[in-house]
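K.L.:
First the structure, then my questions, so here it is.
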Amino acid sequence: MLGKIHLLTGDLDKAIEIYKKAVEFSPENTELLTTLGLLYLQLGFYQKAFEHLGNALTYDPTNYKAILAAGSMMQTHGDFDVALTKYRVVACAVPESPPLWNNIGMCFFGKKKYVAAISCLKRANYLAPFDWKILYNLGLVHLTMQQYASAFYFLRAAINFQPKMGELYMLLAVALTNLEDTENAKRAYAEAVRLDKCNPLVNLNYAVLLYNQGEKRDSLAQYQEMEKKVSLLKDSSSLEFDSEMVEMAQKLGAALQVGEALVWTKPVKDPKSKHRTTTSKAASFQQPLGSNQALGQAMSSAATYRKIPSGRRLPTAP
């Protein structure tokens with residue numbers, strides 16, 4: 001109960017310490033082991049999470065909470081078929097679990113079976129109509145299928161429940177751009193920039209849109225802001241940037257005549273990013289640049305309920 005109180009106050013570190021002591025007193029308590037594993041998963045400590053979830057399954061192989069969390073971890077690392085095998089077991093125990101159907105849907109999304117993904121996500125949405133994470137994923141899948149009106153519908157609904165998340169506005173702007181609603185796309189990007197102070201993709205997408213509209217001065221300002229964020233990320237972590245993001249930034253830099261590879265290292269190949277972009281050359285006339293850069297990185301992080309510093313998906317729980 002003390003651990004639950006710490007969770008309610010948002011103090012995860014103290015909650016973990018309390019649950020660790022509880023596990024010492026009751027090492028075979030599967031509920032405590034599962035809760036501790038989920039907390040480690042939420043904080044990104046995957047090895048410790050897998051250890052505690054594995055112990056929970058050792059004592060209770062039918063513990064659907066632990067199975068769902070373990071499947072979520074496998075899904076995060078691209079093992080979609082293994083994760084689906086785990087989810088089949090969970091479906092027998094809790095067939096009406098919204099996170100279960102969300103994760104199944106995103107497994108199909110990772111396998112590029114988009115119709116099946118939408119079917120599962122809509123079932124999850126039916127079971128939990130106010131869950132913004134499911135709406136976010138529905139918007140993402142529709143964006144990938146180039147169904148921009150449907151993507152707008154689901155992303156707008158997600159924003160109603162999570163109005164402080166910049167990435168939602170960025171994806172909404174991508175949909176609006178493809179619906180040829182440039183003015184509202186600019187408003188969505190402006191809100192995304194205001195809310196998200198860390199993600200350089202927001203500024204890159206906004207810069208591309210402004211460049212395509214002939215607003216080179218404003219595009220340059222967003223490009224320079226993107227460079228600042230990239231520099232900060234490189235200094236604070238060993239984050240590898242999506243190869244298409246690097247390529248597009250270099251093309252935009254050349255088009256804006258500010259030089260290429262000002263802050264970029266050698267591009268890193270990201271196997272999860274499959275979306276193509278429009279090529280561009282620095283010339284005397286303005287040639288359109290691609291504006292779907294948001295999708296590549298968003299795909300790699302939308303598969304499961306994971307919590308990151310900007311407040312994206314939460315850890316999987318029934």
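Please note that chains go A, B, ... in the order of the structure tokens, that every chain numbers its residues from 1, and that ligands are numbered from 1 in the order shown.
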With only C-alpha atoms as the counted atoms, please give the residues lying no more than 12 Å from Asp81 in chain A, apart from itself and same-chain residues fewer than 2 positions off, as a PyMOL selection string.

P.N.:
chain A and resi 71-72+74-79+83-88+104+106-111

K.L.:
Taking the DSSP assignment computed from this structure's backbone, write out as a ChimeraX atom specification all residues of range 7-179 of chain A that belong to alpha helix (DSSP H).

P.N.:
/A:7-8,12-25,30-43,46-59,64-76,80-93,98-110,114-127,132-144,148-161,166-178

K.L.:
Enter the distance from CA of Trp101 in chain A to CA of Ala158 in chain A, in Å, rounded to one decimal.

P.N.:
17.5 Å

K.L.:
Find the residue from A:Glu227, A:Ser26, A:Ala192, A:Leu209 that sits nearest to Lys164 in chain A; use only C-alpha atoms when measuring.

P.N.:
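Checking each candidate against Lys164 in chain A, we get A:Ala192 as the closest.
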
K.L.:
Have a look at CA of Glu28 in chain A and CA of Ala49 in chain A and let me know their distance in Å, one decimal.

P.N.:
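These atoms are spaced 16.0 Å apart.
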
K.L.:
Once you count only C-alpha atoms, what closest atom pair and distance in Å to one decimal does each residue of range 103-136 of chain A within 12 Å of range 140-153 of chain A have, with rows by chain and rising residue number, as CSV?

P.N.:
```
residue,atom,partner,partner_atom,distance
A:Gly105,CA,A:Val141,CA,9.6
A:Met106,CA,A:Val141,CA,8.7
A:Cys107,CA,A:Val141,CA,11.7
A:Phe108,CA,A:Val141,CA,10.3
A:Phe109,CA,A:Val141,CA,7.2
A:Gly110,CA,A:Val141,CA,10.1
A:Lys112,CA,A:Val141,CA,9.7
A:Lys113,CA,A:Val141,CA,10.1
A:Tyr114,CA,A:Val141,CA,6.9
A:Val115,CA,A:Val141,CA,9.1
A:Ala116,CA,A:Val141,CA,10.6
A:Ala117,CA,A:Val141,CA,7.7
A:Ile118,CA,A:Val141,CA,7.1
A:Ser119,CA,A:Val141,CA,10.9
A:Cys120,CA,A:Val141,CA,11.5
A:Leu121,CA,A:Val141,CA,9.4
A:Lys122,CA,A:Val141,CA,11.3
A:Lys133,CA,A:Leu140,CA,10.5
A:Ile134,CA,A:Leu140,CA,9.8
A:Leu135,CA,A:Leu140,CA,8.6
A:Tyr136,CA,A:Leu140,CA,6.2
```

K.L.:
Determine, counting only C-alpha atoms, which protein, DNA and RNA residues have an atom within 8 Å of an atom of Met170 in chain A; residues of the same chain fewer than 6 positions away are not included. Present the result as a list in words.

P.N.:
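Answer for this query is Ala188, Tyr189, Ala192, Val202, Asn205 and Ala294 of chain A.
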
K.L.:
Compile the contact shell of Tyr211 in chain A as a PyMOL selection string: residues with an atom at most 10 Å away, counting only C-alpha atoms, same-chain residues fewer than 2 positions apart removed.

P.N.:
chain A and resi 205-209+213-220+252+255-256+286-289

K.L.:
Quick one: residues within 10 Å of Tyr169 in chain A, only C-alpha atoms, excluding same-chain residues fewer than 3 positions away - as a count of residues only?

P.N.:
23

K.L.:
Hey, what's within 8 Å of Leu53 in chain A if we count only C-alpha atoms and toss same-chain stuff fewer than 5 positions away? As JSON, numbers by chain, please?

P.N.:
{"A": [33, 34, 37, 38, 66, 67, 69, 70]}

K.L.:
Emit the selected residues as a PDB file, in the first residue's frame, including N, CA and C atoms.

P.N.:
```pdb
ATOM      1  N   LEU A  33       6.134  -8.930  -7.940  1.00  0.00           N
ATOM      2  CA  LEU A  33       7.156  -9.091  -8.975  1.00  0.00           C
ATOM      3  C   LEU A  33       6.725  -8.425 -10.286  1.00  0.00           C
ATOM      4  N   THR A  34       5.454  -8.607 -10.641  1.00  0.00           N
ATOM      5  CA  THR A  34       4.949  -8.006 -11.878  1.00  0.00           C
ATOM      6  C   THR A  34       4.942  -6.491 -11.785  1.00  0.00           C
ATOM      7  N   GLY A  37       8.427  -5.231 -12.083  1.00  0.00           N
ATOM      8  CA  GLY A  37       8.865  -5.350 -13.473  1.00  0.00           C
ATOM      9  C   GLY A  37       8.285  -4.257 -14.359  1.00  0.00           C
ATOM     10  N   LEU A  38       7.005  -3.940 -14.154  1.00  0.00           N
ATOM     11  CA  LEU A  38       6.360  -2.873 -14.935  1.00  0.00           C
ATOM     12  C   LEU A  38       6.988  -1.504 -14.646  1.00  0.00           C
ATOM     13  N   ALA A  66       2.025 -10.136 -16.478  1.00  0.00           N
ATOM     14  CA  ALA A  66       3.442 -10.345 -16.780  1.00  0.00           C
ATOM     15  C   ALA A  66       3.631 -10.762 -18.237  1.00  0.00           C
ATOM     16  N   ILE A  67       2.735 -11.602 -18.748  1.00  0.00           N
ATOM     17  CA  ILE A  67       2.836 -12.040 -20.148  1.00  0.00           C
ATOM     18  C   ILE A  67       2.673 -10.854 -21.085  1.00  0.00           C
ATOM     19  N   ALA A  69       3.245  -7.682 -20.436  1.00  0.00           N
ATOM     20  CA  ALA A  69       4.414  -6.809 -20.332  1.00  0.00           C
ATOM     21  C   ALA A  69       5.617  -7.403 -21.055  1.00  0.00           C
ATOM     22  N   ALA A  70       5.820  -8.723 -20.899  1.00  0.00           N
ATOM     23  CA  ALA A  70       6.934  -9.377 -21.594  1.00  0.00           C
ATOM     24  C   ALA A  70       6.751  -9.291 -23.104  1.00  0.00           C
TER      25      ALA A  70
END
```

K.L.:
Rounded to one decimal place, report the CA of Phe45 in chain A-CA of Asn103 in chain A distance in Å.

P.N.:
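Spanning CA of Phe45 in chain A to CA of Asn103 in chain A is a straight-line distance of 19.9 Å.
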
K.L.:
As an NGL selection string, please: the residues near Leu2 in chain A (cut-off 9 Å, only C-alpha atoms, same-chain neighbours under 5 positions excluded).

P.N.:
:A and (7 or 15 or 18-19)
